[in-house]
Amino acid sequence: MPLPFLTADRAFDEAADDVALPFDDRDRWRRPYRPGPCRVGAAALVLLLASYVLVAAVIIAVAGTVPAAAACMVGAAIAILCALRLLRVGVWVSARGLRRVGFFVTSTTPWQQVTAVRTVQQPVRWLGLPRTVQGQALTLVRTERAPGEVPPLMTTHNTDFLARTEAFDRAADAVEVWADEYRRH
């Protein structure tokens with residue numbers, strides 16, 4: 001069963017350098033990079049936990065306590081939904097704008113409100129924890145807000161790009177190309 005949200009479009013990796021936006025359907029939301037191994041590993045562990053909880057629910061149901069089995073199934077369903085949401089977290093682009101998908105909150109910025117998308121050298125949070133290290137961040141400058149108010153779109157030390165600086169550079173370049181293309185329209 002293909003999971004389109006798990007893998008990035010292969011055309012980003014396979015596109016020639018002269019083709020900036022290699023897609024026919026640009027209205028579809030796309031993630032210009034693959035999720036990092038930390039994110040995929042965490043989702044896999046959550047799904048493994050959910051499978052154990054589902055087996056426990058079956059055993060509890062056979063033992064005859066249906067309400068407890070239902071509670072276990074609800075817990076497993078919540079774990080599965082959390083794993084799927086964890087895999088969707090990231091930056092997505094389309095002809096309509098730039099979308100930052102978080103675990104709890106999703107925000108979309110139309111291209112008309114984007115002033116610039118830049119890669120800057122700055123202190124970034126390591127895996128989203130309070131500790132900061134020196135790294136690169138892809139920042140979004142919007143027309144109606146000051147640049148300091150918007151958190152970075154992605155960094156070299158988040159769960160998708162930790163120890164994958166080349167992948168960060170490709171993803172940042174792809175988002176910048178989308179921004180340059182659609183800010184002109």
# chains A, B, ... in the order shown; residues from 1 in each chain; ligands from 1

$ residues_around --residues "Thr109 in chain A" --least-positions-apart "5" --cutoff "10 Å" --atoms "only C-alpha atoms" --output "PDB file with N, CA, C and O atoms, in the first residue's frame"
ATOM      1  N   VAL A  93       4.467  22.628  -0.068  1.00  0.00           N
ATOM      2  CA  VAL A  93       4.325  23.723  -1.023  1.00  0.00           C
ATOM      3  C   VAL A  93       3.324  23.337  -2.105  1.00  0.00           C
ATOM      4  O   VAL A  93       3.136  22.165  -2.413  1.00  0.00           O
ATOM      5  N   ARG A  96      -0.771  27.362  -4.378  1.00  0.00           N
ATOM      6  CA  ARG A  96      -1.570  28.225  -3.508  1.00  0.00           C
ATOM      7  C   ARG A  96      -0.771  28.878  -2.393  1.00  0.00           C
ATOM      8  O   ARG A  96      -1.190  29.887  -1.847  1.00  0.00           O
ATOM      9  N   GLY A  97       0.355  28.276  -2.011  1.00  0.00           N
ATOM     10  CA  GLY A  97       1.130  28.874  -0.942  1.00  0.00           C
ATOM     11  C   GLY A  97       2.072  27.891  -0.286  1.00  0.00           C
ATOM     12  O   GLY A  97       2.388  26.830  -0.822  1.00  0.00           O
ATOM     13  N   LEU A  98       2.500  28.269   0.906  1.00  0.00           N
ATOM     14  CA  LEU A  98       3.432  27.484   1.690  1.00  0.00           C
ATOM     15  C   LEU A  98       2.716  27.061   2.966  1.00  0.00           C
ATOM     16  O   LEU A  98       2.113  27.900   3.637  1.00  0.00           O
ATOM     17  N   ARG A  99       2.772  25.793   3.286  1.00  0.00           N
ATOM     18  CA  ARG A  99       2.055  25.263   4.447  1.00  0.00           C
ATOM     19  C   ARG A  99       3.060  24.673   5.424  1.00  0.00           C
ATOM     20  O   ARG A  99       3.878  23.852   5.073  1.00  0.00           O
ATOM     21  N   ARG A 100       2.972  25.110   6.671  1.00  0.00           N
ATOM     22  CA  ARG A 100       3.790  24.561   7.750  1.00  0.00           C
ATOM     23  C   ARG A 100       2.865  23.680   8.596  1.00  0.00           C
ATOM     24  O   ARG A 100       1.951  24.171   9.246  1.00  0.00           O
ATOM     25  N   VAL A 114       4.074  36.336   1.047  1.00  0.00           N
ATOM     26  CA  VAL A 114       5.477  35.982   1.260  1.00  0.00           C
ATOM     27  C   VAL A 114       6.357  37.050   0.635  1.00  0.00           C
ATOM     28  O   VAL A 114       6.276  37.317  -0.565  1.00  0.00           O
ATOM     29  N   LEU A 140      10.969  32.362   6.749  1.00  0.00           N
ATOM     30  CA  LEU A 140       9.907  32.940   5.937  1.00  0.00           C
ATOM     31  C   LEU A 140       9.702  34.375   6.387  1.00  0.00           C
ATOM     32  O   LEU A 140       9.497  34.634   7.573  1.00  0.00           O
ATOM     33  N   ARG A 142       7.223  37.416   5.982  1.00  0.00           N
ATOM     34  CA  ARG A 142       5.871  37.734   5.523  1.00  0.00           C
ATOM     35  C   ARG A 142       5.670  39.234   5.455  1.00  0.00           C
ATOM     36  O   ARG A 142       6.364  39.991   6.110  1.00  0.00           O
TER      37      ARG A 142
END

$ select_by_dssp --residues "range 5-105 of chain A" --states "strand (DSSP E or B)" --output "JSON, numbers by chain"
{"A": [30, 90, 91, 92, 93, 94, 97, 98, 99, 100, 101]}

$ atom_distance --atom1 "CA of Ser94 in chain A" --atom2 "CA of Leu127 in chain A"
26.2 Å

$ closest_atom_pairs --of "range 105-172 of chain A" --to "range 25-48 of chain A" --cutoff "12 Å" --atoms "only C-alpha atoms" --output "Markdown table"
| residue | atom | partner | partner_atom | distance |
| --- | --- | --- | --- | --- |
| A:Thr108 | CA | A:Trp29 | CA | 11.0 |
| A:Leu127 | CA | A:Cys38 | CA | 9.3 |
| A:Met154 | CA | A:Tyr33 | CA | 11.1 |
| A:Thr156 | CA | A:Gly36 | CA | 11.1 |
| A:His157 | CA | A:Gly36 | CA | 10.8 |
| A:Asn158 | CA | A:Gly36 | CA | 8.8 |
| A:Thr159 | CA | A:Cys38 | CA | 5.5 |
| A:Asp160 | CA | A:Gly36 | CA | 3.7 |
| A:Phe161 | CA | A:Gly36 | CA | 6.0 |
| A:Leu162 | CA | A:Gly36 | CA | 7.6 |
| A:Ala163 | CA | A:Gly36 | CA | 9.7 |
| A:Arg164 | CA | A:Gly36 | CA | 8.4 |
| A:Thr165 | CA | A:Gly36 | CA | 11.4 |
| A:Glu166 | CA | A:Tyr33 | CA | 11.0 |
| A:Ala167 | CA | A:Tyr33 | CA | 7.4 |
| A:Phe168 | CA | A:Tyr33 | CA | 8.2 |
| A:Asp169 | CA | A:Tyr33 | CA | 10.2 |
| A:Arg170 | CA | A:Tyr33 | CA | 7.8 |
| A:Ala171 | CA | A:Tyr33 | CA | 5.5 |
| A:Ala172 | CA | A:Pro32 | CA | 8.5 |

$ write_last_selection --atoms "N, CA, C and O atoms" --output "PDB file, in the first residue's frame"
ATOM      1  N   THR A 108      -1.104  28.024   6.847  1.00  0.00           N
ATOM      2  CA  THR A 108      -0.854  28.193   5.427  1.00  0.00           C
ATOM      3  C   THR A 108      -0.650  29.673   5.134  1.00  0.00           C
ATOM      4  O   THR A 108      -1.430  30.514   5.578  1.00  0.00           O
ATOM      5  N   LEU A 127      16.660  19.293  17.680  1.00  0.00           N
ATOM      6  CA  LEU A 127      15.518  18.369  17.758  1.00  0.00           C
ATOM      7  C   LEU A 127      14.315  18.980  18.472  1.00  0.00           C
ATOM      8  O   LEU A 127      13.536  18.276  19.111  1.00  0.00           O
ATOM      9  N   MET A 154      12.280  25.237   8.584  1.00  0.00           N
ATOM     10  CA  MET A 154      13.035  24.022   8.864  1.00  0.00           C
ATOM     11  C   MET A 154      14.468  24.410   9.181  1.00  0.00           C
ATOM     12  O   MET A 154      14.924  25.479   8.778  1.00  0.00           O
ATOM     13  N   THR A 156      18.699  22.766  10.105  1.00  0.00           N
ATOM     14  CA  THR A 156      19.623  21.651   9.892  1.00  0.00           C
ATOM     15  C   THR A 156      19.655  20.702  11.085  1.00  0.00           C
ATOM     16  O   THR A 156      20.227  19.625  10.979  1.00  0.00           O
ATOM     17  N   HIS A 157      19.034  21.074  12.192  1.00  0.00           N
ATOM     18  CA  HIS A 157      19.068  20.240  13.392  1.00  0.00           C
ATOM     19  C   HIS A 157      17.675  19.811  13.851  1.00  0.00           C
ATOM     20  O   HIS A 157      17.472  19.488  15.015  1.00  0.00           O
ATOM     21  N   ASN A 158      16.693  19.787  12.945  1.00  0.00           N
ATOM     22  CA  ASN A 158      15.387  19.251  13.335  1.00  0.00           C
ATOM     23  C   ASN A 158      15.336  17.763  12.995  1.00  0.00           C
ATOM     24  O   ASN A 158      16.294  17.185  12.487  1.00  0.00           O
ATOM     25  N   THR A 159      14.217  17.115  13.256  1.00  0.00           N
ATOM     26  CA  THR A 159      14.143  15.660  13.096  1.00  0.00           C
ATOM     27  C   THR A 159      14.231  15.200  11.655  1.00  0.00           C
ATOM     28  O   THR A 159      14.517  14.029  11.409  1.00  0.00           O
ATOM     29  N   ASP A 160      14.020  16.084  10.699  1.00  0.00           N
ATOM     30  CA  ASP A 160      14.120  15.682   9.300  1.00  0.00           C
ATOM     31  C   ASP A 160      15.535  15.809   8.746  1.00  0.00           C
ATOM     32  O   ASP A 160      15.900  15.082   7.823  1.00  0.00           O
ATOM     33  N   PHE A 161      16.337  16.714   9.284  1.00  0.00           N
ATOM     34  CA  PHE A 161      17.626  17.002   8.669  1.00  0.00           C
ATOM     35  C   PHE A 161      18.817  16.853   9.601  1.00  0.00           C
ATOM     36  O   PHE A 161      19.906  17.308   9.268  1.00  0.00           O
ATOM     37  N   LEU A 162      18.662  16.235  10.739  1.00  0.00           N
ATOM     38  CA  LEU A 162      19.780  16.041  11.650  1.00  0.00           C
ATOM     39  C   LEU A 162      20.839  15.171  10.968  1.00  0.00           C
ATOM     40  O   LEU A 162      20.547  14.061  10.537  1.00  0.00           O
ATOM     41  N   ALA A 163      22.049  15.697  10.829  1.00  0.00           N
ATOM     42  CA  ALA A 163      23.177  15.027  10.165  1.00  0.00           C
ATOM     43  C   ALA A 163      22.906  14.768   8.683  1.00  0.00           C
ATOM     44  O   ALA A 163      23.479  13.864   8.093  1.00  0.00           O
ATOM     45  N   ARG A 164      22.027  15.537   8.057  1.00  0.00           N
ATOM     46  CA  ARG A 164      21.725  15.422   6.627  1.00  0.00           C
ATOM     47  C   ARG A 164      21.740  16.815   6.008  1.00  0.00           C
ATOM     48  O   ARG A 164      20.731  17.296   5.518  1.00  0.00           O
ATOM     49  N   THR A 165      22.887  17.469   6.025  1.00  0.00           N
ATOM     50  CA  THR A 165      22.950  18.850   5.543  1.00  0.00           C
ATOM     51  C   THR A 165      22.696  18.952   4.043  1.00  0.00           C
ATOM     52  O   THR A 165      22.130  19.939   3.585  1.00  0.00           O
ATOM     53  N   GLU A 166      23.097  17.932   3.278  1.00  0.00           N
ATOM     54  CA  GLU A 166      22.834  17.984   1.833  1.00  0.00           C
ATOM     55  C   GLU A 166      21.332  17.912   1.555  1.00  0.00           C
ATOM     56  O   GLU A 166      20.831  18.596   0.662  1.00  0.00           O
ATOM     57  N   ALA A 167      20.624  17.105   2.318  1.00  0.00           N
ATOM     58  CA  ALA A 167      19.171  17.024   2.151  1.00  0.00           C
ATOM     59  C   ALA A 167      18.525  18.354   2.532  1.00  0.00           C
ATOM     60  O   ALA A 167      17.570  18.798   1.884  1.00  0.00           O
ATOM     61  N   PHE A 168      19.044  19.002   3.578  1.00  0.00           N
ATOM     62  CA  PHE A 168      18.516  20.315   3.955  1.00  0.00           C
ATOM     63  C   PHE A 168      18.735  21.325   2.834  1.00  0.00           C
ATOM     64  O   PHE A 168      17.827  22.096   2.502  1.00  0.00           O
ATOM     65  N   ASP A 169      19.935  21.317   2.249  1.00  0.00           N
ATOM     66  CA  ASP A 169      20.231  22.261   1.169  1.00  0.00           C
ATOM     67  C   ASP A 169      19.304  22.045  -0.027  1.00  0.00           C
ATOM     68  O   ASP A 169      18.790  23.010  -0.600  1.00  0.00           O
ATOM     69  N   ARG A 170      19.072  20.776  -0.411  1.00  0.00           N
ATOM     70  CA  ARG A 170      18.162  20.493  -1.533  1.00  0.00           C
ATOM     71  C   ARG A 170      16.742  20.939  -1.213  1.00  0.00           C
ATOM     72  O   ARG A 170      16.060  21.537  -2.048  1.00  0.00           O
ATOM     73  N   ALA A 171      16.273  20.639   0.002  1.00  0.00           N
ATOM     74  CA  ALA A 171      14.909  21.019   0.381  1.00  0.00           C
ATOM     75  C   ALA A 171      14.756  22.534   0.452  1.00  0.00           C
ATOM     76  O   ALA A 171      13.757  23.093  -0.015  1.00  0.00           O
ATOM     77  N   ALA A 172      15.742  23.214   1.032  1.00  0.00           N
ATOM     78  CA  ALA A 172      15.682  24.678   1.119  1.00  0.00           C
ATOM     79  C   ALA A 172      15.700  25.300  -0.268  1.00  0.00           C
ATOM     80  O   ALA A 172      14.936  26.242  -0.544  1.00  0.00           O
TER      81      ALA A 172
END

$ atom_distance --atom1 "CA of Arg183 in chain A" --atom2 "CA of Gln122 in chain A"
25.1 Å

$ atom_distance --atom1 "CA of Ala77 in chain A" --atom2 "CA of Leu129 in chain A"
27.3 Å
